[in-house]
>>> print(open('work-v8.cif').read())   # mmCIF, C-alpha atoms
data_model
#
loop_
_atom_site.label_atom_id
_atom_site.label_comp_id
_atom_site.auth_asym_id
_atom_site.auth_seq_id
_atom_site.Cartn_x
_atom_site.Cartn_y
_atom_site.Cartn_z
CA MET A 1 0.00 0.00 0.00
CA SER A 2 1.51 3.32 -1.09
CA LEU A 3 0.72 6.68 0.43
CA ASN A 4 -0.80 9.61 -1.42
CA VAL A 5 1.83 11.97 -0.04
CA ASN A 6 0.45 15.05 -1.79
CA GLU A 7 -2.92 14.44 -0.14
CA ILE A 8 -1.24 13.88 3.22
CA ARG A 9 0.83 17.06 2.90
CA SER A 10 -2.32 19.09 2.20
CA GLN A 11 -3.55 18.13 5.68
CA PHE A 12 -0.56 19.72 7.43
CA PRO A 13 -0.94 23.54 7.35
CA ILE A 14 2.62 24.28 8.41
CA LEU A 15 4.02 22.50 5.35
CA GLN A 16 2.37 25.15 3.17
CA ARG A 17 4.27 28.07 4.70
CA GLU A 18 7.45 29.77 3.56
CA THR A 19 10.43 30.93 5.60
CA ALA A 20 11.59 34.56 5.87
CA THR A 21 13.84 33.98 2.86
CA GLY A 22 10.89 32.92 0.72
CA ALA A 23 11.82 29.24 0.73
CA ARG A 24 9.12 26.66 1.35
CA VAL A 25 9.51 24.66 4.54
CA VAL A 26 11.26 21.32 4.09
CA TYR A 27 10.72 19.75 7.49
CA LEU A 28 13.25 17.00 8.22
CA ASP A 29 13.15 17.07 12.03
CA SER A 30 10.27 14.76 12.94
CA THR A 31 12.47 12.78 15.32
CA ALA A 32 12.47 15.88 17.53
CA THR A 33 8.77 16.61 17.04
CA SER A 34 6.30 15.88 14.28
CA GLN A 35 4.01 18.33 12.55
CA LYS A 36 0.27 18.26 13.25
CA PRO A 37 -2.56 17.57 10.80
CA LEU A 38 -5.74 19.61 10.68
CA ALA A 39 -7.65 16.74 12.31
CA VAL A 40 -5.62 17.18 15.50
CA ILE A 41 -5.65 20.98 15.46
CA GLU A 42 -9.41 21.08 14.90
CA ALA A 43 -10.16 18.45 17.57
CA MET A 44 -8.35 20.54 20.19
CA ASN A 45 -9.94 23.74 18.92
CA ASP A 46 -13.38 22.13 19.03
CA TYR A 47 -12.81 20.96 22.60
CA TYR A 48 -12.01 24.49 23.76
CA ARG A 49 -14.94 25.95 21.82
CA ARG A 50 -17.56 23.43 22.91
CA SER A 51 -16.62 21.27 25.91
CA ASN A 52 -13.94 22.96 28.02
CA ALA A 53 -14.33 22.04 31.70
CA ASN A 54 -12.48 20.17 34.42
CA ILE A 55 -12.89 16.41 34.41
CA HIS A 56 -14.04 13.61 36.72
CA ARG A 57 -15.44 15.85 39.44
CA GLY A 58 -18.26 17.81 37.81
CA VAL A 59 -21.77 16.58 37.04
CA HIS A 60 -22.76 19.39 34.68
CA THR A 61 -22.91 18.88 30.92
CA LEU A 62 -19.55 20.39 30.03
CA ALA A 63 -17.71 18.44 32.73
CA GLU A 64 -19.27 15.18 31.63
CA GLU A 65 -18.44 15.88 27.98
CA ALA A 66 -14.83 16.77 28.83
CA THR A 67 -14.47 13.64 30.96
CA ALA A 68 -15.85 11.47 28.18
CA LEU A 69 -13.47 12.97 25.60
CA TYR A 70 -10.49 12.55 27.93
CA GLU A 71 -11.25 8.91 28.70
CA GLU A 72 -12.21 8.06 25.11
CA ALA A 73 -8.74 9.22 24.09
CA ARG A 74 -7.22 6.86 26.65
CA VAL A 75 -9.11 3.96 25.07
CA LYS A 76 -7.81 4.95 21.63
CA VAL A 77 -4.22 5.13 22.89
CA ALA A 78 -4.57 1.74 24.60
CA ASN A 79 -5.94 0.14 21.46
CA PHE A 80 -3.19 1.72 19.35
CA ILE A 81 -0.48 -0.25 21.19
CA HIS A 82 -2.76 -3.24 21.91
CA ALA A 83 -2.83 -2.74 25.66
CA PRO A 84 -5.29 -5.21 27.25
CA HIS A 85 -7.04 -2.52 29.33
CA PRO A 86 -7.30 1.31 29.12
CA GLN A 87 -6.45 1.45 32.84
CA GLN A 88 -2.93 0.40 31.88
CA ILE A 89 -2.39 3.71 30.07
CA ILE A 90 -1.11 6.42 32.40
CA TYR A 91 -1.11 9.91 30.93
CA THR A 92 2.22 11.69 31.42
CA ARG A 93 3.75 14.80 29.88
CA ASN A 94 6.08 12.84 27.58
CA THR A 95 8.34 9.78 27.36
CA THR A 96 10.80 11.42 29.74
CA GLU A 97 8.19 11.67 32.47
CA SER A 98 7.05 8.11 31.76
CA ILE A 99 10.53 6.72 32.41
CA ASN A 100 10.97 8.95 35.46
CA LEU A 101 7.65 7.66 36.81
CA VAL A 102 8.98 4.09 36.63
CA ALA A 103 12.31 5.07 38.21
CA TYR A 104 10.73 7.01 41.06
CA THR A 105 7.94 4.55 41.86
CA TRP A 106 8.86 1.01 40.80
CA GLY A 107 12.57 1.77 41.13
CA ARG A 108 12.41 3.23 44.62
CA ALA A 109 10.11 0.44 45.80
CA ASN A 110 12.14 -2.44 44.33
CA LEU A 111 15.80 -1.49 43.84
CA LYS A 112 18.33 -1.52 46.67
CA MET A 113 22.07 -1.11 47.05
CA GLY A 114 24.03 -3.30 44.65
CA ASP A 115 21.08 -4.19 42.40
CA LEU A 116 21.93 -4.18 38.69
CA VAL A 117 20.13 -2.13 36.04
CA ILE A 118 21.11 -2.77 32.41
CA LEU A 119 20.86 0.07 29.88
CA THR A 120 22.49 0.55 26.45
CA GLU A 121 25.12 2.88 25.05
CA MET A 122 22.61 4.36 22.58
CA GLU A 123 20.13 5.69 25.14
CA HIS A 124 18.58 9.14 25.08
CA HIS A 125 19.42 11.11 28.22
CA SER A 126 15.84 10.49 29.37
CA ASN A 127 16.72 6.82 29.83
CA LEU A 128 20.06 7.54 31.48
CA VAL A 129 19.65 10.41 33.93
CA PRO A 130 16.71 8.97 35.96
CA TRP A 131 18.81 5.87 36.64
CA HIS A 132 21.88 7.99 37.47
CA MET A 133 19.74 9.84 40.01
CA LEU A 134 18.49 6.58 41.51
CA GLN A 135 22.07 5.28 41.58
CA ALA A 136 23.11 8.32 43.64
CA GLU A 137 20.22 7.70 46.02
CA ARG A 138 20.31 3.89 46.29
CA ASP A 139 23.83 2.92 45.14
CA ILE A 140 22.47 0.61 42.44
CA ARG A 141 24.80 -0.63 39.67
CA LEU A 142 24.46 0.44 36.04
CA GLU A 143 25.90 -1.56 33.15
CA PHE A 144 25.52 -0.91 29.42
CA ILE A 145 24.98 -3.08 26.36
CA PRO A 146 27.68 -1.94 23.91
CA VAL A 147 26.98 -0.57 20.46
CA ARG A 148 28.95 -2.49 17.83
CA ALA A 149 30.80 -1.05 14.85
CA ASP A 150 27.75 -1.78 12.66
CA PHE A 151 25.64 0.46 14.98
CA THR A 152 23.61 -2.44 16.42
CA LEU A 153 23.59 -3.73 19.99
CA ASP A 154 26.04 -6.44 21.01
CA LEU A 155 23.59 -9.11 22.17
CA ASP A 156 26.42 -11.49 23.15
CA ALA A 157 27.62 -8.86 25.63
CA TYR A 158 23.99 -8.48 26.78
CA ARG A 159 23.73 -12.21 27.50
CA ALA A 160 26.91 -11.99 29.55
CA LEU A 161 25.50 -9.09 31.57
CA LEU A 162 22.30 -11.06 32.21
CA GLU A 163 24.38 -13.69 34.01
CA GLN A 164 24.91 -11.08 36.75
CA GLY A 165 21.19 -11.20 37.62
CA PRO A 166 19.80 -7.73 36.79
CA LYS A 167 16.60 -6.48 38.36
CA LEU A 168 15.75 -4.19 35.44
CA VAL A 169 16.57 -3.82 31.73
CA SER A 170 15.66 -0.46 30.19
CA PHE A 171 16.34 0.28 26.53
CA THR A 172 15.29 2.27 23.49
CA HIS A 173 13.20 0.50 20.88
CA MET A 174 14.67 2.75 18.17
CA SER A 175 17.67 5.06 18.49
CA ASN A 176 16.91 8.74 17.93
CA VAL A 177 20.43 9.20 16.48
CA LEU A 178 21.35 6.01 14.68
CA GLY A 179 17.82 4.97 13.73
CA THR A 180 18.72 1.44 14.83
CA ILE A 181 15.60 -0.63 15.50
CA ASN A 182 16.53 -2.90 18.38
CA PRO A 183 15.18 -6.49 18.66
CA ALA A 184 12.85 -5.58 21.51
CA ARG A 185 11.04 -8.91 21.70
CA GLU A 186 14.32 -10.81 22.08
CA ILE A 187 15.79 -8.34 24.58
CA ILE A 188 12.64 -8.62 26.70
CA ARG A 189 12.48 -12.42 26.48
CA LEU A 190 16.08 -12.77 27.61
CA ALA A 191 15.48 -10.34 30.48
CA HIS A 192 12.40 -12.23 31.62
CA ASP A 193 14.37 -15.49 31.54
CA VAL A 194 16.49 -14.15 34.43
CA GLY A 195 13.55 -12.52 36.24
CA ALA A 196 14.24 -8.90 35.23
CA VAL A 197 11.58 -6.25 34.62
CA THR A 198 11.77 -4.38 31.31
CA VAL A 199 11.23 -0.74 30.32
CA VAL A 200 10.97 0.20 26.63
CA ASP A 201 11.55 3.75 25.42
CA GLY A 202 9.06 3.81 22.56
CA ALA A 203 9.38 7.50 21.70
CA GLN A 204 10.79 6.74 18.24
CA SER A 205 9.05 3.44 17.52
CA VAL A 206 5.38 3.94 18.37
CA PRO A 207 4.93 6.85 15.91
CA HIS A 208 6.56 5.06 12.98
CA PHE A 209 5.56 1.40 12.92
CA ALA A 210 3.01 -0.88 14.55
CA VAL A 211 3.90 -1.68 18.19
CA ASP A 212 2.05 -4.39 20.13
CA VAL A 213 2.92 -4.43 23.83
CA GLN A 214 1.39 -7.87 24.29
CA ASP A 215 3.44 -9.32 21.45
CA LEU A 216 6.59 -7.71 22.85
CA ASP A 217 5.61 -8.77 26.40
CA ALA A 218 6.90 -5.39 27.61
CA ASP A 219 6.48 -4.64 31.31
CA PHE A 220 6.56 -0.87 30.73
CA LEU A 221 6.57 1.21 27.56
CA GLY A 222 6.62 5.00 27.30
CA PHE A 223 5.91 7.25 24.32
CA SER A 224 4.99 10.85 23.42
CA ALA A 225 2.07 12.33 21.49
CA HIS A 226 4.11 15.13 19.94
CA LYS A 227 6.25 12.70 17.93
CA MET A 228 3.19 11.00 16.41
CA CYS A 229 1.25 13.95 14.94
CA GLY A 230 -0.22 14.88 18.32
CA PRO A 231 0.26 17.87 20.64
CA THR A 232 3.15 18.60 22.96
CA GLY A 233 2.75 18.24 26.70
CA ILE A 234 1.21 14.77 26.80
CA GLY A 235 2.52 11.23 26.54
CA ALA A 236 1.72 7.82 27.97
CA LEU A 237 3.18 5.08 30.11
CA TYR A 238 1.89 1.56 29.54
CA GLY A 239 2.48 -0.90 32.34
CA LYS A 240 1.43 -4.42 33.19
CA MET A 241 -1.48 -4.35 35.59
CA ASP A 242 0.16 -6.19 38.48
CA LEU A 243 3.18 -3.90 38.40
CA LEU A 244 1.09 -0.72 38.28
CA ASP A 245 -1.15 -1.96 41.09
CA GLU A 246 1.84 -2.55 43.37
CA MET A 247 3.60 0.74 42.64
CA PRO A 248 3.16 3.71 45.00
CA PRO A 249 1.80 6.99 43.61
CA PHE A 250 4.18 9.34 41.82
CA LEU A 251 2.64 12.72 42.72
CA GLY A 252 0.18 13.73 45.41
CA GLY A 253 -2.91 15.90 45.04
CA GLY A 254 -6.33 16.01 43.47
CA ASP A 255 -7.74 13.06 41.51
CA MET A 256 -5.06 10.57 42.59
CA ILE A 257 -6.81 9.99 45.91
CA LYS A 258 -9.70 7.83 47.01
CA GLU A 259 -9.92 9.33 50.49
CA VAL A 260 -7.99 11.98 52.42
CA LYS A 261 -7.87 12.57 56.16
CA LEU A 262 -5.74 15.05 58.04
CA ARG A 263 -3.14 12.39 58.85
CA SER A 264 -3.55 9.85 56.04
CA PHE A 265 -4.84 9.17 52.55
CA ARG A 266 -5.85 6.25 50.33
CA PRO A 267 -4.74 6.38 46.68
CA ASN A 268 -7.19 6.10 43.83
CA THR A 269 -7.52 3.11 41.50
CA LEU A 270 -5.71 2.83 38.17
CA PRO A 271 -5.03 4.86 36.14
CA HIS A 272 -5.93 7.86 38.28
CA LYS A 273 -3.49 6.88 41.05
CA PHE A 274 -0.71 8.31 38.88
CA GLU A 275 -2.54 11.38 37.51
CA ALA A 276 -2.52 14.10 40.14
CA GLY A 277 -4.20 17.46 39.56
CA THR A 278 -5.93 18.88 36.52
CA PRO A 279 -4.43 17.09 33.51
CA ALA A 280 -3.75 18.18 29.94
CA ILE A 281 -7.33 17.63 28.79
CA ALA A 282 -7.24 19.32 25.40
CA GLU A 283 -3.92 17.62 24.71
CA ALA A 284 -5.46 14.22 25.51
CA VAL A 285 -8.20 14.99 23.00
CA GLY A 286 -5.49 15.85 20.47
CA PHE A 287 -3.64 12.63 21.35
CA GLY A 288 -6.74 10.61 20.55
CA ALA A 289 -7.23 12.51 17.29
CA ALA A 290 -3.61 11.80 16.33
CA VAL A 291 -4.16 8.08 16.90
CA ASP A 292 -7.28 8.22 14.72
CA TYR A 293 -5.35 10.03 12.02
CA LEU A 294 -2.41 7.60 11.96
CA LEU A 295 -4.77 4.62 11.85
CA SER A 296 -6.68 6.19 8.96
CA VAL A 297 -3.41 6.39 7.00
CA GLY A 298 -2.23 2.94 8.15
CA MET A 299 0.86 2.20 10.22
CA ASP A 300 2.19 -0.40 7.78
CA ALA A 301 1.88 2.09 4.93
CA ILE A 302 3.66 4.75 6.98
CA ALA A 303 6.49 2.35 7.83
CA GLU A 304 6.92 1.32 4.19
CA HIS A 305 6.91 4.93 2.98
CA GLU A 306 9.53 5.91 5.56
CA HIS A 307 11.67 2.94 4.57
CA GLN A 308 11.63 4.01 0.93
CA ILE A 309 12.49 7.62 1.80
CA THR A 310 15.25 6.56 4.18
CA GLU A 311 16.80 4.15 1.70
CA TYR A 312 16.79 6.89 -0.95
CA ALA A 313 18.25 9.43 1.49
CA LEU A 314 21.09 7.14 2.56
CA ASP A 315 21.97 6.41 -1.07
CA ARG A 316 22.00 10.12 -1.96
CA LEU A 317 23.98 11.18 1.13
CA GLU A 318 26.60 8.50 0.51
CA GLU A 319 27.26 10.12 -2.89
CA ILE A 320 28.50 13.33 -1.25
CA PRO A 321 32.28 13.47 -0.69
CA GLY A 322 33.10 14.16 2.95
CA VAL A 323 29.77 12.96 4.37
CA LYS A 324 29.99 10.23 7.01
CA LEU A 325 26.78 8.48 8.00
CA PHE A 326 26.07 7.06 11.46
CA GLY A 327 23.65 4.17 11.68
CA PRO A 328 23.03 0.72 10.23
CA THR A 329 21.77 -0.12 6.76
CA ALA A 330 18.25 0.91 5.77
CA ASP A 331 16.78 -2.53 6.50
CA LYS A 332 17.79 -2.26 10.16
CA LYS A 333 16.77 1.30 10.91
CA GLY A 334 13.93 3.79 10.95
CA GLY A 335 13.63 7.17 9.25
CA VAL A 336 16.79 8.82 10.59
CA ALA A 337 19.97 9.90 8.82
CA ALA A 338 22.64 11.30 11.17
CA PHE A 339 25.84 12.47 9.52
CA THR A 340 28.95 14.63 9.72
CA LEU A 341 30.55 16.68 6.93
CA ASP A 342 34.33 16.93 6.85
CA GLY A 343 35.60 20.32 7.99
CA VAL A 344 32.18 21.76 8.85
CA HIS A 345 30.53 21.85 12.27
CA PRO A 346 27.03 20.30 12.30
CA HIS A 347 25.53 23.56 13.58
CA ASP A 348 26.93 25.39 10.54
CA VAL A 349 25.47 22.72 8.27
CA ALA A 350 22.03 23.17 9.87
CA GLN A 351 22.14 26.97 9.73
CA ILE A 352 23.11 27.08 6.06
CA LEU A 353 20.48 24.48 5.14
CA ASP A 354 17.89 26.62 6.92
CA ARG A 355 18.51 29.46 4.46
CA ASP A 356 16.83 27.26 1.84
CA GLY A 357 14.07 26.22 4.23
CA VAL A 358 15.55 22.80 5.01
CA ALA A 359 15.06 22.06 8.71
CA VAL A 360 17.44 19.50 10.22
CA ARG A 361 18.73 18.97 13.75
CA ALA A 362 22.30 19.59 14.88
CA GLY A 363 23.97 18.64 18.16
CA HIS A 364 24.26 15.52 20.29
CA HIS A 365 20.47 14.99 20.19
CA CYS A 366 20.30 14.24 23.94
CA ALA A 367 22.61 11.26 23.38
CA GLN A 368 25.95 12.70 24.41
CA PRO A 369 27.54 9.40 25.54
CA LEU A 370 26.76 7.84 22.15
CA HIS A 371 28.53 10.67 20.34
CA GLU A 372 31.48 10.41 22.71
CA LYS A 373 31.72 6.71 21.87
CA PHE A 374 32.28 7.61 18.23
CA GLY A 375 34.67 10.44 19.09
CA ILE A 376 32.53 13.28 17.77
CA PRO A 377 30.87 16.21 19.56
CA ALA A 378 27.78 16.37 17.36
CA THR A 379 26.04 15.27 14.17
CA SER A 380 23.56 16.76 11.76
CA ARG A 381 20.37 14.72 11.65
CA ALA A 382 17.66 14.55 9.01
CA SER A 383 14.59 12.57 10.00
CA PHE A 384 11.57 11.57 7.97
CA TYR A 385 7.87 10.91 8.43
CA LEU A 386 4.76 10.19 6.42
CA TYR A 387 4.68 13.67 4.85
CA ASN A 388 8.24 13.71 3.45
CA THR A 389 9.14 13.18 -0.22
CA LYS A 390 12.16 12.19 -2.28
CA ASP A 391 12.16 15.73 -3.69
CA GLU A 392 12.80 17.00 -0.18
CA VAL A 393 15.71 14.59 0.16
CA ASP A 394 17.10 16.06 -3.07
CA MET A 395 16.79 19.55 -1.58
CA LEU A 396 18.71 18.35 1.48
CA VAL A 397 21.47 16.94 -0.72
CA ASN A 398 21.64 20.10 -2.85
CA GLY A 399 21.88 22.13 0.33
CA ILE A 400 24.82 20.08 1.60
CA TYR A 401 26.64 20.71 -1.68
CA LYS A 402 26.07 24.43 -1.11
CA VAL A 403 27.60 24.06 2.37
CA LYS A 404 30.65 22.41 0.80
CA GLU A 405 31.01 25.28 -1.67
CA LEU A 406 30.79 27.90 1.07
CA PHE A 407 33.47 26.17 3.13
CA GLY A 408 35.68 25.51 0.16
#
>>> encode(input="work-v8.cif", output="structure tokens")
Amino acid sequence: MSLNVNEIRSQFPILQRETATGARVVYLDSTATSQKPLAVIEAMNDYYRRSNANIHRGVHTLAEEATALYEEARVKVANFIHAPHPQQIIYTRNTTESINLVAYTWGRANLKMGDLVILTEMEHHSNLVPWHMLQAERDIRLEFIPVRADFTLDLDAYRALLEQGPKLVSFTHMSNVLGTINPAREIIRLAHDVGAVTVVDGAQSVPHFAVDVQDLDADFLGFSAHKMCGPTGIGALYGKMDLLDEMPPFLGGGDMIKEVKLRSFRPNTLPHKFEAGTPAIAEAVGFGAAVDYLLSVGMDAIAEHEHQITEYALDRLEEIPGVKLFGPTADKKGGVAAFTLDGVHPHDVAQILDRDGVAVRAGHHCAQPLHEKFGIPATSRASFYLYNTKDEVDMLVNGIYKVKELFG
């Protein structure tokens, strides 16, 4: 099934605009955040125009409508990743908060001095720093699955680490720098064989290809709406029911309580136990609309389109003298192309490309240890989604040739 990309692009208003230099926007930064279709923008606008009220506590019409919209979105998100029950979807602000929630609740309740947590060398800072913080508090041990020269994880080294009896294995499903799609099902199975709990950073996987938490057998999985055509400020944590039931609350306040006395309280049932205070209601509505939109396009079709664009982009970038690509071959990665250009800092590459409207990322992409492993301070990163075209890849390549001319 092929996508009608022109039709898709017409649904994203921002892709119709021009920059200050008169260039049309060529948006190649969806790994950082995706653009939003009219369906999402209008759903949030309609909520504020028609149904804005606080949820769960009111009995008037607007409150009941807002509550229904908020909880209907949760059902959509649960179905999108094939969660058995909507109660297993905890709304958070983003993937970062989802991982922090696990570290602060499950981690504090279950990890003690000397316990081993296994991570990988390709993690986003959001799946490093929470465990560093817990290490400082509890003196847990952190070990890392190495990244091999072919930009994939060394699973032999992982098996050796598992012999040390870890309590937790936390890893990214898809690298935001390399694009590497890790064998999540196998990593989880091996962890479960030694009794470890697993956390999957799904920020880059859930938006781009079909993810089934039951098929993966993931214990926890976090992801963000803003990377999957939805709004910023909302994400989700999926967890297995028994784990979520046993975990203490994350934040205290309204809606996460069943009963409060002056000297005690009883927490609410799932999922509300982890959702304190007035939540991001309009954003939840937008989250649900984004799920509807992606399903209407088809996740398999999106994945195939991205694969074609990525394969084309890698071929074109490899033609450019002085470009060095970071990441595995197209069959092992998602829609990401991170690269360096000899003699030019990645920030200069990004700024010059921007003159022609080409938006790419430059820096360490919140994966500083990964860049240090390869002996570089930063990369330029082009990333692709359902609305990108091969013509835009050509504009990227032409822009890089202009950079080379400017720097001689």
>>> resolve_selection(input="work-v8.cif", expression="the PyMOL selection byres ((chain A and resi 188-205) around 7)", output="ChimeraX atom specification")
/A:31,95,162,165-174,176,184-187,206-209,218-224
>>> resolve_selection(input="work-v8.cif", expression="the PyMOL selection byres ((chain A and resi 292) around 10)", output="MDAnalysis selection string")
chainID A and resid 39:40 73 76:77 80 286:291 293:298
>>> closest_atom_pairs(input="work-v8.cif", of="region 63-151 of chain A", to="region 369-378 of chain A", cutoff="12 Å", atoms="all atoms listed in the file", output="Markdown table")
| residue | atom | partner | partner_atom | distance |
| --- | --- | --- | --- | --- |
| A:Thr120 | CA | A:Leu370 | CA | 9.5 |
| A:Glu121 | CA | A:Leu370 | CA | 6.0 |
| A:Met122 | CA | A:Leu370 | CA | 5.4 |
| A:Glu123 | CA | A:Leu370 | CA | 7.6 |
| A:His124 | CA | A:Leu370 | CA | 8.8 |
| A:His125 | CA | A:Pro369 | CA | 8.7 |
| A:Asn127 | CA | A:Pro369 | CA | 11.9 |
| A:Leu128 | CA | A:Pro369 | CA | 9.7 |
| A:Val129 | CA | A:Pro369 | CA | 11.6 |
| A:Phe144 | CA | A:Pro369 | CA | 11.2 |
| A:Ile145 | CA | A:Leu370 | CA | 11.8 |
| A:Pro146 | CA | A:Lys373 | CA | 9.8 |
| A:Val147 | CA | A:Leu370 | CA | 8.6 |
| A:Arg148 | CA | A:Lys373 | CA | 10.4 |
| A:Ala149 | CA | A:Phe374 | CA | 9.4 |
| A:Asp150 | CA | A:Phe374 | CA | 11.8 |
| A:Phe151 | CA | A:Phe374 | CA | 10.3 |
>>> resolve_selection(input="work-v8.cif", expression="the PyMOL selection byres ((chain A and resi 308) around 12)", output="PyMOL selection string")
chain A and resi 2-3+301-307+309-315+330-331+333-336+384-386+388-390+393
>>> atom_distance(input="work-v8.cif", atom1="CA of Gly253 (chain A)", atom2="CA of Thr105 (chain A)")
16.0 Å
>>> atom_distance(input="work-v8.cif", atom1="CA of Val213 (chain A)", atom2="CA of Pro183 (chain A)")
13.5 Å
>>> atom_distance(input="work-v8.cif", atom1="CA of Ile8 (chain A)", atom2="CA of Tyr387 (chain A)")
6.1 Å
>>> residues_around(input="work-v8.cif", residues="Leu341 (chain A)", least_positions_apart="6", cutoff="10 Å", atoms="only C-alpha atoms", output="ChimeraX atom specification")
/A:320-325,349,379-380,400,403-404
>>> residues_around(input="work-v8.cif", residues="Thr278 (chain A)", least_positions_apart="3", cutoff="10 Å", atoms="all atoms listed in the file", output="PyMOL selection string")
chain A and resi 54-56+253-255+275+281
>>> closest_residue(input="work-v8.cif", among="A:Ala280, A:Asn45, A:Gln214, A:Asn94", to="His226 (chain A)", atoms="all atoms listed in the file")
A:Asn94
>>> closest_residue(input="work-v8.cif", among="A:Gly233, A:Pro249, A:Pro84, A:Pro37", to="Ile14 (chain A)", atoms="all atoms listed in the file")
A:Pro37
>>> axis_aligned_box(input="work-v8.cif", around="region 32-51 of chain A", padding_each_side="8 Å", output="lines of an AutoDock Vina configuration file")
center_x = -2.5
center_y = 20.9
center_z = 18.3
size_x = 46.0
size_y = 26.1
size_z = 31.2
>>> residues_around(input="work-v8.cif", residues="Val358 (chain A)", least_positions_apart="4", cutoff="10 Å", atoms="all atoms listed in the file", output="JSON, numbers by chain")
{"A": [19, 23, 24, 25, 26, 27, 28, 29, 350, 351, 352, 353, 354, 382, 392, 393, 395, 396, 399]}
>>> closest_residue(input="work-v8.cif", among="A:Val102, A:Ala53, A:Ala210, A:Leu15", to="Pro279 (chain A)", atoms="all atoms listed in the file")
A:Ala53
>>> closest_residue(input="work-v8.cif", among="A:Pro271, A:Gly357, A:Gly408, A:Gly235", to="Thr92 (chain A)", atoms="only C-alpha atoms")
A:Gly235
>>> residues_around(input="work-v8.cif", residues="region 243-246 of chain A", least_positions_apart="5", cutoff="8 Å", atoms="all atoms listed in the file", output="JSON, numbers by chain")
{"A": [88, 106, 219, 270]}
